[in-house]
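One file, protein25.tsv, carrying TSV, C-alpha atoms:
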chain	number	residue	atom	x	y	z
A	1	MET	CA	-225.75	-58.98	-105.45
A	2	ALA	CA	-226.73	-60.13	-101.97
A	3	GLY	CA	-223.27	-61.30	-100.95
A	4	SER	CA	-221.48	-58.17	-102.15
A	5	THR	CA	-224.00	-55.87	-100.50
A	6	ALA	CA	-223.62	-57.65	-97.16
A	7	CYS	CA	-219.87	-57.41	-97.41
A	8	ALA	CA	-220.02	-53.69	-98.09
A	9	THR	CA	-222.50	-52.63	-95.43
A	10	ALA	CA	-221.94	-55.00	-92.49
A	11	PRO	CA	-219.27	-54.65	-89.75
A	12	PRO	CA	-215.56	-55.04	-90.64
A	13	LEU	CA	-215.79	-58.84	-90.50
A	14	TRP	CA	-217.59	-58.80	-93.83
A	15	ARG	CA	-215.26	-56.51	-95.84
A	16	PRO	CA	-213.56	-58.70	-98.51
A	17	ARG	CA	-209.98	-57.44	-98.48
A	18	TYR	CA	-208.75	-60.21	-100.79
A	19	PRO	CA	-211.66	-61.02	-103.15
A	20	GLY	CA	-211.21	-63.98	-105.44
A	21	LEU	CA	-208.25	-65.42	-103.57
A	22	GLY	CA	-208.67	-69.12	-104.15
A	23	HIS	CA	-208.22	-72.14	-106.34
A	24	THR	CA	-209.30	-70.69	-109.70
A	25	ASP	CA	-206.76	-67.92	-110.06
A	26	GLY	CA	-203.56	-69.12	-108.40
A	27	GLY	CA	-204.55	-67.82	-104.98
A	28	THR	CA	-202.86	-70.72	-103.22
A	29	GLU	CA	-199.40	-69.70	-104.42
A	30	ARG	CA	-199.91	-66.04	-103.55
A	31	CYS	CA	-201.28	-66.88	-100.11
A	32	GLU	CA	-198.19	-68.88	-99.15
A	33	SER	CA	-196.13	-65.72	-98.91
A	34	TRP	CA	-198.23	-64.06	-96.23
A	35	CYS	CA	-200.55	-66.46	-94.37
A	36	SER	CA	-199.06	-69.96	-94.39
A	37	ASP	CA	-197.27	-71.68	-91.55
A	38	GLN	CA	-194.92	-74.46	-92.62
A	39	GLU	CA	-194.87	-75.74	-89.03
A	40	CYS	CA	-198.65	-75.79	-88.41
A	41	GLU	CA	-199.85	-79.21	-87.18
A	42	GLN	CA	-203.50	-78.58	-86.32
A	43	LEU	CA	-206.09	-76.22	-87.77
A	44	VAL	CA	-209.01	-75.09	-85.61
A	45	THR	CA	-211.90	-73.96	-87.80
A	46	ILE	CA	-214.92	-72.12	-86.46
A	47	ALA	CA	-217.48	-73.01	-89.14
A	48	THR	CA	-220.73	-71.12	-88.68
A	49	HIS	CA	-223.30	-68.91	-90.40
A	50	GLU	CA	-223.16	-66.06	-87.91
A	51	VAL	CA	-220.77	-64.42	-85.48
A	52	SER	CA	-221.93	-62.08	-82.70
A	53	ALA	CA	-220.11	-59.06	-81.34
A	54	ALA	CA	-219.17	-61.08	-78.24
A	55	ASP	CA	-217.74	-63.82	-80.46
A	56	HIS	CA	-215.26	-61.40	-81.99
A	57	LEU	CA	-213.54	-61.04	-78.62
A	58	VAL	CA	-213.83	-64.73	-77.74
A	59	LEU	CA	-212.28	-65.75	-81.05
A	60	GLN	CA	-209.42	-63.31	-80.59
A	61	ARG	CA	-208.73	-64.95	-77.22
A	62	LEU	CA	-208.80	-68.42	-78.78
A	63	ALA	CA	-206.26	-67.34	-81.39
A	64	LEU	CA	-203.98	-65.96	-78.69
A	65	GLU	CA	-204.30	-69.15	-76.63
A	66	LEU	CA	-203.10	-71.17	-79.60
A	67	ARG	CA	-199.98	-69.01	-79.73
A	68	ARG	CA	-199.12	-69.11	-76.03
A	69	PRO	CA	-196.82	-71.73	-74.45
A	70	ALA	CA	-198.83	-74.73	-73.32
A	71	ALA	CA	-198.54	-76.27	-69.87
A	72	PRO	CA	-196.43	-79.47	-70.04
A	73	HIS	CA	-198.96	-81.45	-67.99
A	74	VAL	CA	-202.61	-81.17	-67.04
A	75	PRO	CA	-204.29	-83.27	-64.33
A	76	ALA	CA	-206.44	-86.29	-65.02
A	77	ARG	CA	-209.88	-86.56	-63.45
A	78	THR	CA	-209.08	-89.34	-60.99
A	79	GLN	CA	-210.83	-89.22	-57.61
A	80	TYR	CA	-212.38	-85.88	-58.46
A	81	THR	CA	-216.02	-84.87	-58.59
A	82	ILE	CA	-217.45	-81.58	-59.78
A	83	HIS	CA	-218.75	-80.70	-56.32
A	84	ASP	CA	-215.80	-81.33	-54.03
A	85	ALA	CA	-212.12	-80.63	-53.71
A	86	ALA	CA	-209.99	-83.74	-53.99
A	87	PRO	CA	-206.48	-85.03	-53.36
A	88	SER	CA	-203.78	-84.13	-55.83
A	89	ALA	CA	-204.41	-85.83	-59.14
A	90	PRO	CA	-201.94	-87.66	-61.37
A	91	LEU	CA	-200.87	-85.87	-64.53
A	92	VAL	CA	-201.87	-86.45	-68.13
A	93	GLU	CA	-199.19	-85.72	-70.67
A	94	SER	CA	-199.64	-82.92	-73.16
A	95	ARG	CA	-197.47	-81.55	-75.94
A	96	PRO	CA	-197.07	-77.98	-77.27
A	97	VAL	CA	-198.81	-78.36	-80.62
A	98	LYS	CA	-198.51	-75.70	-83.29
A	99	ALA	CA	-201.99	-74.65	-84.37
A	100	GLN	CA	-203.85	-71.87	-86.12
A	101	LEU	CA	-207.41	-70.57	-85.94
A	102	ARG	CA	-209.63	-69.99	-88.96
A	103	VAL	CA	-213.19	-68.63	-89.02
A	104	MET	CA	-215.32	-69.83	-91.94
A	105	ILE	CA	-218.52	-67.80	-92.29
A	106	TYR	CA	-221.23	-69.31	-94.49
A	107	ASP	CA	-223.11	-66.55	-96.36
A	108	GLU	CA	-225.67	-68.30	-98.56
A	109	GLY	CA	-225.90	-65.61	-101.24
A	110	ASN	CA	-222.22	-64.75	-101.52
A	111	PRO	CA	-221.49	-64.56	-105.27
A	112	SER	CA	-217.85	-65.66	-105.18
A	113	THR	CA	-216.79	-69.13	-106.30
A	114	ASP	CA	-213.76	-68.87	-104.00
A	115	LEU	CA	-213.06	-68.00	-100.38
A	116	ILE	CA	-213.32	-64.28	-99.64
A	117	TYR	CA	-210.82	-63.18	-97.02
A	118	ASN	CA	-210.86	-60.42	-94.45
A	119	ASP	CA	-207.84	-59.33	-92.42
A	120	SER	CA	-209.54	-56.88	-90.06
A	121	LEU	CA	-208.43	-59.03	-87.11
A	122	SER	CA	-205.04	-60.03	-88.50
A	123	THR	CA	-203.17	-58.64	-85.50
A	124	THR	CA	-204.82	-61.17	-83.18
A	125	ILE	CA	-205.45	-64.12	-85.49
A	126	SER	CA	-203.46	-64.01	-88.74
A	127	PRO	CA	-203.94	-62.64	-92.24
A	128	GLY	CA	-206.68	-64.61	-93.93
A	129	GLY	CA	-207.96	-65.83	-90.58
A	130	TRP	CA	-211.54	-64.87	-91.40
A	131	CYS	CA	-213.14	-65.98	-94.64
A	132	VAL	CA	-216.60	-66.02	-96.19
A	133	TRP	CA	-218.04	-68.62	-98.52
A	134	GLY	CA	-221.46	-69.37	-99.98
A	135	ASN	CA	-223.45	-71.62	-102.30
A	136	LYS	CA	-221.45	-70.55	-105.35
A	137	ALA	CA	-218.23	-71.75	-103.71
A	138	LEU	CA	-219.89	-75.04	-102.74
A	139	GLU	CA	-221.01	-75.54	-106.34
A	140	ALA	CA	-217.51	-74.78	-107.64
A	141	PHE	CA	-215.67	-77.14	-105.29
A	142	PHE	CA	-218.28	-79.92	-104.93
A	143	PRO	CA	-220.75	-79.67	-107.83
A	144	ARG	CA	-222.23	-83.14	-107.32
A	145	LEU	CA	-222.84	-82.42	-103.64
A	146	ALA	CA	-224.60	-79.14	-104.43
A	147	ASP	CA	-226.76	-80.86	-107.06
A	148	ALA	CA	-227.64	-83.77	-104.77
A	149	LEU	CA	-228.62	-81.42	-101.95
A	150	SER	CA	-231.03	-79.57	-104.25
A	151	ARG	CA	-232.93	-82.83	-104.85
A	152	HIS	CA	-232.73	-84.62	-101.48
A	153	TYR	CA	-236.06	-84.98	-99.70
A	154	GLY	CA	-234.49	-85.08	-96.25
A	155	TYR	CA	-232.47	-81.91	-96.81
A	156	LEU	CA	-235.36	-80.01	-98.41
A	157	GLY	CA	-237.77	-81.12	-95.68
A	158	GLU	CA	-235.69	-79.89	-92.75
A	159	TRP	CA	-237.39	-77.43	-90.41
A	160	PRO	CA	-236.29	-75.09	-88.94
A	161	SER	CA	-234.33	-74.42	-92.13
A	162	TYR	CA	-231.02	-73.88	-90.32
A	163	PHE	CA	-230.90	-77.68	-89.82
A	164	ARG	CA	-229.99	-77.84	-93.52
A	165	LEU	CA	-226.56	-76.46	-92.63
A	166	TYR	CA	-225.76	-79.76	-90.90
A	167	TYR	CA	-225.77	-81.53	-94.26
A	168	PHE	CA	-222.81	-79.60	-95.67
A	169	LEU	CA	-221.32	-77.08	-93.21
A	170	SER	CA	-218.23	-79.21	-92.60
A	171	SER	CA	-217.40	-78.91	-96.29
A	172	ALA	CA	-215.95	-75.53	-95.30
A	173	LEU	CA	-212.91	-77.47	-94.01
A	174	ALA	CA	-212.58	-79.24	-97.36
A	175	ILE	CA	-212.87	-76.01	-99.35
A	176	TRP	CA	-210.09	-74.53	-97.23
A	177	ASP	CA	-208.07	-77.74	-97.57
A	178	ARG	CA	-208.32	-77.81	-101.35
A	179	THR	CA	-207.32	-74.16	-101.56
A	180	PHE	CA	-204.38	-74.09	-99.14
A	181	ALA	CA	-203.30	-77.63	-98.21
A	182	LYS	CA	-199.95	-77.50	-99.98
A	183	ALA	CA	-199.00	-74.42	-97.93
A	184	TYR	CA	-199.34	-76.55	-94.76
A	185	PRO	CA	-197.13	-79.64	-95.27
A	186	ARG	CA	-197.19	-80.71	-91.59
A	187	LEU	CA	-200.93	-80.35	-91.00
A	188	ARG	CA	-202.27	-83.52	-89.37
A	189	TYR	CA	-205.63	-82.60	-87.82
A	190	TRP	CA	-208.55	-80.40	-88.82
A	191	TRP	CA	-210.85	-79.25	-85.99
A	192	ARG	CA	-214.37	-77.94	-86.46
A	193	MET	CA	-215.98	-76.06	-83.60
A	194	GLU	CA	-219.16	-74.05	-83.34
A	195	PRO	CA	-219.12	-70.65	-81.62
A	196	ASP	CA	-221.27	-71.93	-78.74
A	197	VAL	CA	-218.63	-74.56	-77.87
A	198	LEU	CA	-216.27	-73.21	-75.21
A	199	PHE	CA	-213.34	-74.76	-73.34
A	200	SER	CA	-212.62	-73.85	-69.72
A	201	GLY	CA	-208.87	-73.68	-70.12
A	202	SER	CA	-206.29	-73.07	-72.81
A	203	LEU	CA	-207.48	-74.42	-76.15
A	204	ARG	CA	-203.90	-75.32	-76.98
A	205	THR	CA	-203.77	-77.56	-73.90
A	206	LEU	CA	-206.86	-79.43	-75.11
A	207	LEU	CA	-205.25	-79.98	-78.52
A	208	GLY	CA	-202.02	-81.13	-76.89
A	209	VAL	CA	-203.66	-83.61	-74.51
A	210	LEU	CA	-205.79	-85.21	-77.22
A	211	ASP	CA	-202.85	-85.26	-79.62
A	212	ILE	CA	-201.09	-87.70	-77.28
A	213	ALA	CA	-204.19	-89.48	-75.99
A	214	THR	CA	-205.57	-90.63	-79.35
A	215	GLN	CA	-204.68	-90.67	-83.03
A	216	ALA	CA	-208.27	-91.43	-84.02
A	217	ASP	CA	-209.25	-90.34	-87.51
A	218	CYS	CA	-212.66	-89.10	-86.40
A	219	LEU	CA	-212.84	-87.70	-82.86
A	220	LEU	CA	-216.33	-86.66	-81.72
A	221	PRO	CA	-217.95	-85.75	-78.37
A	222	GLY	CA	-220.52	-88.53	-78.60
A	223	PRO	CA	-222.49	-90.07	-77.04
A	224	PHE	CA	-222.62	-92.77	-79.71
A	225	LEU	CA	-226.24	-93.93	-79.79
A	226	SER	CA	-228.04	-96.32	-82.13
A	227	GLN	CA	-231.50	-95.90	-83.60
A	228	ARG	CA	-232.79	-98.40	-81.05
A	229	GLN	CA	-231.42	-96.26	-78.23
A	230	MET	CA	-232.75	-93.02	-79.74
A	231	PRO	CA	-235.87	-93.97	-81.73
A	232	SER	CA	-237.51	-90.51	-81.68
A	233	TYR	CA	-234.63	-88.81	-83.52
A	234	SER	CA	-236.27	-87.41	-86.67
A	235	HIS	CA	-233.16	-87.51	-88.85
A	236	TRP	CA	-233.07	-91.31	-88.96
A	237	GLU	CA	-236.01	-91.32	-91.36
A	238	ARG	CA	-234.80	-88.32	-93.37
A	239	ASN	CA	-231.44	-90.04	-93.91
A	240	ALA	CA	-232.64	-93.62	-94.42
A	241	ASP	CA	-231.21	-93.67	-97.95
A	242	ILE	CA	-227.59	-93.26	-96.79
A	243	SER	CA	-227.71	-96.35	-94.54
A	244	ILE	CA	-229.15	-98.93	-96.95
A	245	GLY	CA	-227.21	-102.17	-96.53
A	246	TRP	CA	-225.26	-101.03	-93.48
A	247	PRO	CA	-225.30	-103.18	-90.33
A	248	PRO	CA	-227.07	-101.48	-87.41
A	249	SER	CA	-223.81	-101.40	-85.44
A	250	GLN	CA	-222.42	-98.90	-87.96
A	251	ILE	CA	-225.37	-96.51	-87.85
A	252	LEU	CA	-224.81	-94.27	-84.85
A	253	TRP	CA	-225.66	-90.75	-83.76
A	254	SER	CA	-223.22	-88.30	-82.20
A	255	LEU	CA	-223.07	-84.60	-81.62
A	256	VAL	CA	-220.67	-82.94	-84.07
A	257	VAL	CA	-220.48	-79.44	-82.57
A	258	VAL	CA	-216.78	-80.06	-81.92
A	259	ALA	CA	-214.80	-82.58	-83.93
A	260	ARG	CA	-211.27	-83.46	-84.98
A	261	TYR	CA	-210.53	-85.09	-88.32
A	262	SER	CA	-207.30	-86.65	-89.58
A	263	ARG	CA	-205.93	-86.52	-93.12
A	264	ARG	CA	-207.50	-89.93	-93.73
A	265	MET	CA	-210.92	-88.69	-92.60
A	266	MET	CA	-210.62	-85.52	-94.66
A	267	ASP	CA	-209.85	-87.62	-97.75
A	268	LEU	CA	-212.90	-89.78	-97.05
A	269	LEU	CA	-215.11	-86.72	-96.65
A	270	GLU	CA	-213.85	-85.06	-99.80
A	271	SER	CA	-214.24	-88.24	-101.85
A	272	SER	CA	-217.76	-88.65	-100.53
A	273	TRP	CA	-218.73	-85.08	-101.41
A	274	ASP	CA	-217.07	-85.39	-104.83
A	275	ALA	CA	-219.45	-88.29	-105.49
A	276	GLY	CA	-222.47	-86.35	-104.24
A	277	LEU	CA	-222.84	-88.52	-101.14
A	278	PHE	CA	-223.80	-86.85	-97.89
A	279	GLY	CA	-226.10	-87.00	-94.88
A	280	PHE	CA	-227.06	-85.20	-91.72
A	281	GLU	CA	-223.64	-84.86	-90.13
A	282	GLU	CA	-224.68	-86.21	-86.73
A	283	ILE	CA	-225.27	-89.53	-88.52
A	284	SER	CA	-223.02	-89.37	-91.57
A	285	MET	CA	-219.76	-88.47	-89.80
A	286	PRO	CA	-219.55	-91.52	-87.49
A	287	ALA	CA	-221.05	-93.74	-90.21
A	288	LEU	CA	-218.53	-92.72	-92.87
A	289	CYS	CA	-215.64	-93.62	-90.58
A	290	LEU	CA	-217.18	-96.86	-89.29
A	291	THR	CA	-217.88	-98.12	-92.84
A	292	SER	CA	-214.41	-97.24	-94.17
A	293	PRO	CA	-211.42	-99.61	-93.76
A	294	ASN	CA	-208.67	-98.38	-91.44
A	295	CYS	CA	-210.68	-95.38	-90.18
A	296	THR	CA	-210.82	-95.15	-86.39
A	297	LEU	CA	-213.63	-93.48	-84.47
A	298	ALA	CA	-213.19	-92.26	-80.88
A	299	LYS	CA	-214.89	-90.12	-78.28
A	300	ILE	CA	-213.45	-86.90	-76.90
A	301	GLY	CA	-212.70	-87.44	-73.25
A	302	SER	CA	-210.72	-90.65	-73.63
A	303	ALA	CA	-207.92	-88.88	-71.76
A	304	GLY	CA	-208.45	-88.08	-68.10
A	305	ILE	CA	-211.73	-89.92	-67.69
A	306	ILE	CA	-213.27	-91.45	-64.60
A	307	GLU	CA	-215.51	-94.45	-64.97
A	308	GLU	CA	-216.81	-95.71	-61.64
A	309	GLU	CA	-219.95	-97.63	-60.79
A	310	ASP	CA	-222.06	-94.57	-60.11
A	311	PHE	CA	-220.07	-91.77	-61.71
A	312	SER	CA	-218.68	-91.08	-65.17
A	313	TYR	CA	-216.86	-87.87	-66.01
A	314	SER	CA	-214.83	-86.72	-68.97
A	315	THR	CA	-213.58	-83.66	-70.83
A	316	ALA	CA	-216.83	-83.52	-72.80
A	317	SER	CA	-219.30	-84.20	-69.98
A	318	HIS	CA	-220.84	-80.73	-70.46
A	319	VAL	CA	-221.40	-81.19	-74.20
A	320	GLN	CA	-225.09	-81.75	-74.82
A	321	PHE	CA	-227.95	-80.66	-77.10
A	322	ARG	CA	-230.23	-79.15	-74.45
A	323	PRO	CA	-230.67	-77.42	-72.08
A	324	PHE	CA	-228.47	-74.42	-72.74
A	325	TRP	CA	-225.73	-73.57	-70.28
A	326	SER	CA	-225.76	-70.03	-68.97
A	327	CYS	CA	-222.78	-67.79	-69.63
A	328	GLU	CA	-222.20	-67.58	-65.87
A	329	GLU	CA	-222.10	-71.37	-65.47
A	330	TYR	CA	-219.39	-71.65	-68.07
A	331	LEU	CA	-217.52	-68.61	-66.73
A	332	SER	CA	-217.28	-70.18	-63.27
A	333	SER	CA	-215.62	-73.22	-64.85
A	334	ARG	CA	-213.35	-71.00	-66.92
A	335	MET	CA	-212.22	-69.01	-63.89
A	336	HIS	CA	-211.27	-72.26	-62.17
A	337	ASN	CA	-209.47	-73.54	-65.27
A	338	THR	CA	-211.27	-76.89	-65.14
A	339	HIS	CA	-210.33	-78.01	-68.68
A	340	GLU	CA	-213.84	-78.94	-69.83
A	341	LEU	CA	-215.73	-78.50	-73.07
A	342	TRP	CA	-219.11	-76.77	-72.71
A	343	HIS	CA	-221.99	-76.75	-75.20
A	344	PRO	CA	-224.31	-75.04	-75.85
A	345	VAL	CA	-223.42	-71.65	-74.37
A	346	LYS	CA	-225.73	-69.47	-76.46
A	347	ASP	CA	-225.39	-66.21	-74.52
A	348	ARG	CA	-221.68	-65.34	-74.38
A	349	ASN	CA	-221.96	-61.68	-73.44
A	350	CYS	CA	-220.60	-62.14	-69.90
A	351	LEU	CA	-217.27	-63.11	-71.47
A	352	VAL	CA	-216.87	-59.62	-72.92
A	353	ARG	CA	-216.77	-58.14	-69.43
A	354	PHE	CA	-214.55	-60.97	-68.16
A	355	PHE	CA	-211.94	-60.70	-70.90
A	356	ALA	CA	-211.97	-56.90	-70.80
A	357	HIS	CA	-210.39	-57.04	-67.32
A	358	GLN	CA	-207.73	-59.60	-68.22
A	359	THR	CA	-204.35	-59.16	-69.82
A	360	PRO	CA	-203.65	-61.05	-73.05
A	361	PRO	CA	-202.70	-64.72	-72.42
A	362	THR	CA	-198.99	-64.59	-73.18
A	363	ALA	CA	-197.67	-66.51	-70.15
A	364	PRO	CA	-197.79	-70.30	-69.68
A	365	SER	CA	-201.05	-71.78	-68.46
A	366	PRO	CA	-201.67	-71.33	-64.72
A	367	GLU	CA	-201.61	-74.19	-62.26
A	368	PHE	CA	-204.76	-76.26	-62.46
A	369	ASN	CA	-207.33	-75.18	-59.87
A	370	ARG	CA	-210.25	-77.27	-58.78
A	371	PRO	CA	-213.67	-75.65	-58.30
A	372	THR	CA	-214.86	-75.45	-54.72
A	373	GLY	CA	-218.47	-74.49	-55.35
A	374	LYS	CA	-221.35	-76.34	-56.93
A	375	GLY	CA	-221.37	-77.34	-60.55
A	376	ASN	CA	-223.89	-78.88	-62.91
A	377	LEU	CA	-223.62	-82.23	-64.61
A	378	PRO	CA	-226.01	-83.00	-67.44
What is this file in structure tokens?
Amino acid sequence: MAGSTACATAPPLWRPRYPGLGHTDGGTERCESWCSDQECEQLVTIATHEVSAADHLVLQRLALELRRPAAPHVPARTQYTIHDAAPSAPLVESRPVKAQLRVMIYDEGNPSTDLIYNDSLSTTISPGGWCVWGNKALEAFFPRLADALSRHYGYLGEWPSYFRLYYFLSSALAIWDRTFAKAYPRLRYWWRMEPDVLFSGSLRTLLGVLDIATQADCLLPGPFLSQRQMPSYSHWERNADISIGWPPSQILWSLVVVARYSRRMMDLLESSWDAGLFGFEEISMPALCLTSPNCTLAKIGSAGIIEEEDFSYSTASHVQFRPFWSCEEYLSSRMHNTHELWHPVKDRNCLVRFFAHQTPPTAPSPEFNRPTGKGNLP
């Protein structure tokens, strides 16, 4: 079987140490004894279909950052531009959230109907921190979604074919949630990040700042654009069926490469997938929240944002579709601890050399340093 063969012959990431651990055989109860955290408040999930050798090291660092003590305050972006030093900035409050990292690898042909776990990196993440799932698991957890995808003209017509992942990849969070939610009684937020999204600071600081800044149910990087503002976007037509009867103000596009969802939003997503309802996530995620009572939608960057007549700057100002950021551009921001999200950083190999010369991040976050050289704004 394709999934089993890949697991047996690929690098350690793919070795299923705990096959079949999931909802059909009591895996939830067994898992509670070795991988749950009763105090966990936020779950950061890297949901993707591939992980490079460089990503192994980057993900280990992210897991360590979530364990380290967070700085009590980080500066806001008042009177600060990317090019120049500036006077001391006022502080934005943060809180030391308790979070865990999970890596959800989508392997289309994996034969298991459950999550397959691997603990090869348990010393730096946690047991069960890496898991593999495929179409069989999607069919087992959300049969109507799997059936609807197989018949949807927009999904079947996507090219390149990897665009199809954006119709259901976030269901990885729901599969994890339905398997292990009761082991995490204090969990309030589910994050989804792609491997090419990087933060130039402690990830735990980002979670802590946004935890205080907004309690939005659906937190996305934006920008929120309508079909009138973005008429050439091909997915409007391919997803026309999901927006029938909706007012134009509730049909918006946003990047979803990094997102935070509340319990309310997770319930909405799972109910939607149970019913076989879905869409291209850059449209369906903001739309689902906007069309649901009591669901709040917000943009990442609402904390520490400058909005002046000729200059707008926020945490997510480097999150874009194209062009790609070079590894060196991001690394410069990382070395200056600028607390910014960057996407897409496709080549991450320079980080291997950078992290190899650093000690593990066990001390509190360093004092915020402003860059003195040039930077790039999209």
Using only C-alpha atoms, which residues of region 186-231 of chain A come within 8 Å of region 259-274 of chain A, and what is the closest atom pair for each, with the distance in Å to one decimal? Give it as CSV, sorted by chain and residue number.
residue,atom,partner,partner_atom,distance
A:Arg188,CA,A:Ser262,CA,5.9
A:Tyr189,CA,A:Ser262,CA,4.7
A:Trp190,CA,A:Tyr261,CA,5.1
A:Trp191,CA,A:Arg260,CA,4.3
A:Arg192,CA,A:Ala259,CA,5.3
A:Met193,CA,A:Ala259,CA,6.6
A:Ala216,CA,A:Ser262,CA,7.4
A:Asp217,CA,A:Ser262,CA,4.7
A:Cys218,CA,A:Tyr261,CA,4.9
A:Leu219,CA,A:Arg260,CA,5.0
A:Leu220,CA,A:Ala259,CA,4.9
A:Pro221,CA,A:Ala259,CA,7.1
**Study point:** Counting only C-alpha atoms, the residue of A:Met335, A:Leu149, A:Val345, A:Ala181 that sits nearest Phe280 (chain A)
**Key:**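 Under the stated criterion, the closest residue is A:Leu149.
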Exercise for review: Determine, counting all atoms listed in the file, every residue of protein, DNA or RNA that lies within 10 Å of (-209.4, -75.4, -96.0) in the file coordinates, then give the result as a ChimeraX atom specification.
Suggested key: /A:43,45,102,104,115,171-181,190
Exercise for review: Find the residues near Ala137 (chain A): any atom within 7 Å, counting only C-alpha atoms, skip ones fewer than 4 places away on the same chain, and give them as a PyMOL selection string.
Suggested key: chain A and resi 112-114+133+141
Residues from the last selection, C-alpha atoms, saved as an mmCIF file, keeping the file's coordinate frame:
data_model
loop_
_atom_site.group_PDB
_atom_site.id
_atom_site.type_symbol
_atom_site.label_atom_id
_atom_site.label_comp_id
_atom_site.auth_asym_id
_atom_site.auth_seq_id
_atom_site.Cartn_x
_atom_site.Cartn_y
_atom_site.Cartn_z
ATOM 1 C CA SER A 112 -217.850 -65.660 -105.180
ATOM 2 C CA THR A 113 -216.790 -69.130 -106.300
ATOM 3 C CA ASP A 114 -213.760 -68.870 -104.000
ATOM 4 C CA TRP A 133 -218.040 -68.620 -98.520
ATOM 5 C CA PHE A 141 -215.670 -77.140 -105.290
#
**Study point:** Counting all atoms listed in the file, the residue of A:Val132, A:Leu351, A:Leu145, A:Leu252 that sits nearest His56 (chain A)
**Key:**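 Of all the options, A:Leu351 lies closest to His56 (chain A).
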**Study point:** 7 Å contact set for Leu101 (chain A), all atoms listed in the file, chain neighbours under 2 positions out, as a PyMOL selection string
**Key:** chain A and resi 43-45+63+99+103+125+129
Practice item. Find the distance between CA of Val209 (chain A) and CA of Arg95 (chain A) and write it in Å to one decimal. Key: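 Going from CA of Val209 (chain A) over to CA of Arg95 (chain A), I get 6.7 Å.
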Study note, to complete from the structure: A straight line from CA of Ile242 (chain A) to CA of Leu225 (chain A) spans 17.1 Å
Practice item. Just give me the gap between CA of Asp107 (chain A) and CA of His49 (chain A) in Å, one decimal is fine. Key: 6.4 Å
Practice item. Would you mind listing what lies within 9 Å of Ser254 (chain A) as JSON, numbers by chain, with only C-alpha atoms counted and same-chain residues fewer than 5 positions away left out? Key: {"A": [220, 221, 222, 223, 224, 225, 281, 282, 283, 285, 286]}
Review point. Using all atoms listed in the file, which residue out of A:Ser284, A:Val319, A:Gly276, A:Ser170 lies closest to Arg151 (chain A)?
Key: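 The closest residue to Arg151 (chain A) is A:Gly276.
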**Study point:** Test item: residues at most 10 Å from Asp55 (chain A), all atoms listed in the file, excluding those fewer than 5 positions along its chain, as a VMD selection string
**Key:** chain A and resid 50 60 to 61 195 to 196 347 to 349 351 to 352
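For Thr48 (chain A), the non-local neighbours within 7 Å, defined as residues at least 3 positions apart in the same chain or in other chains and counting only C-alpha atoms, are Met104, Ile105, Tyr106 and Glu194 of chain A.
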Exercise for review: Identify which of the residues A:Thr214, A:Ser202, A:Ser249, A:Thr296 lies closest to Leu66 (chain A), counting only C-alpha atoms when measuring atom-to-atom distances.
Suggested key: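 The closest residue to Leu66 (chain A) is A:Ser202.
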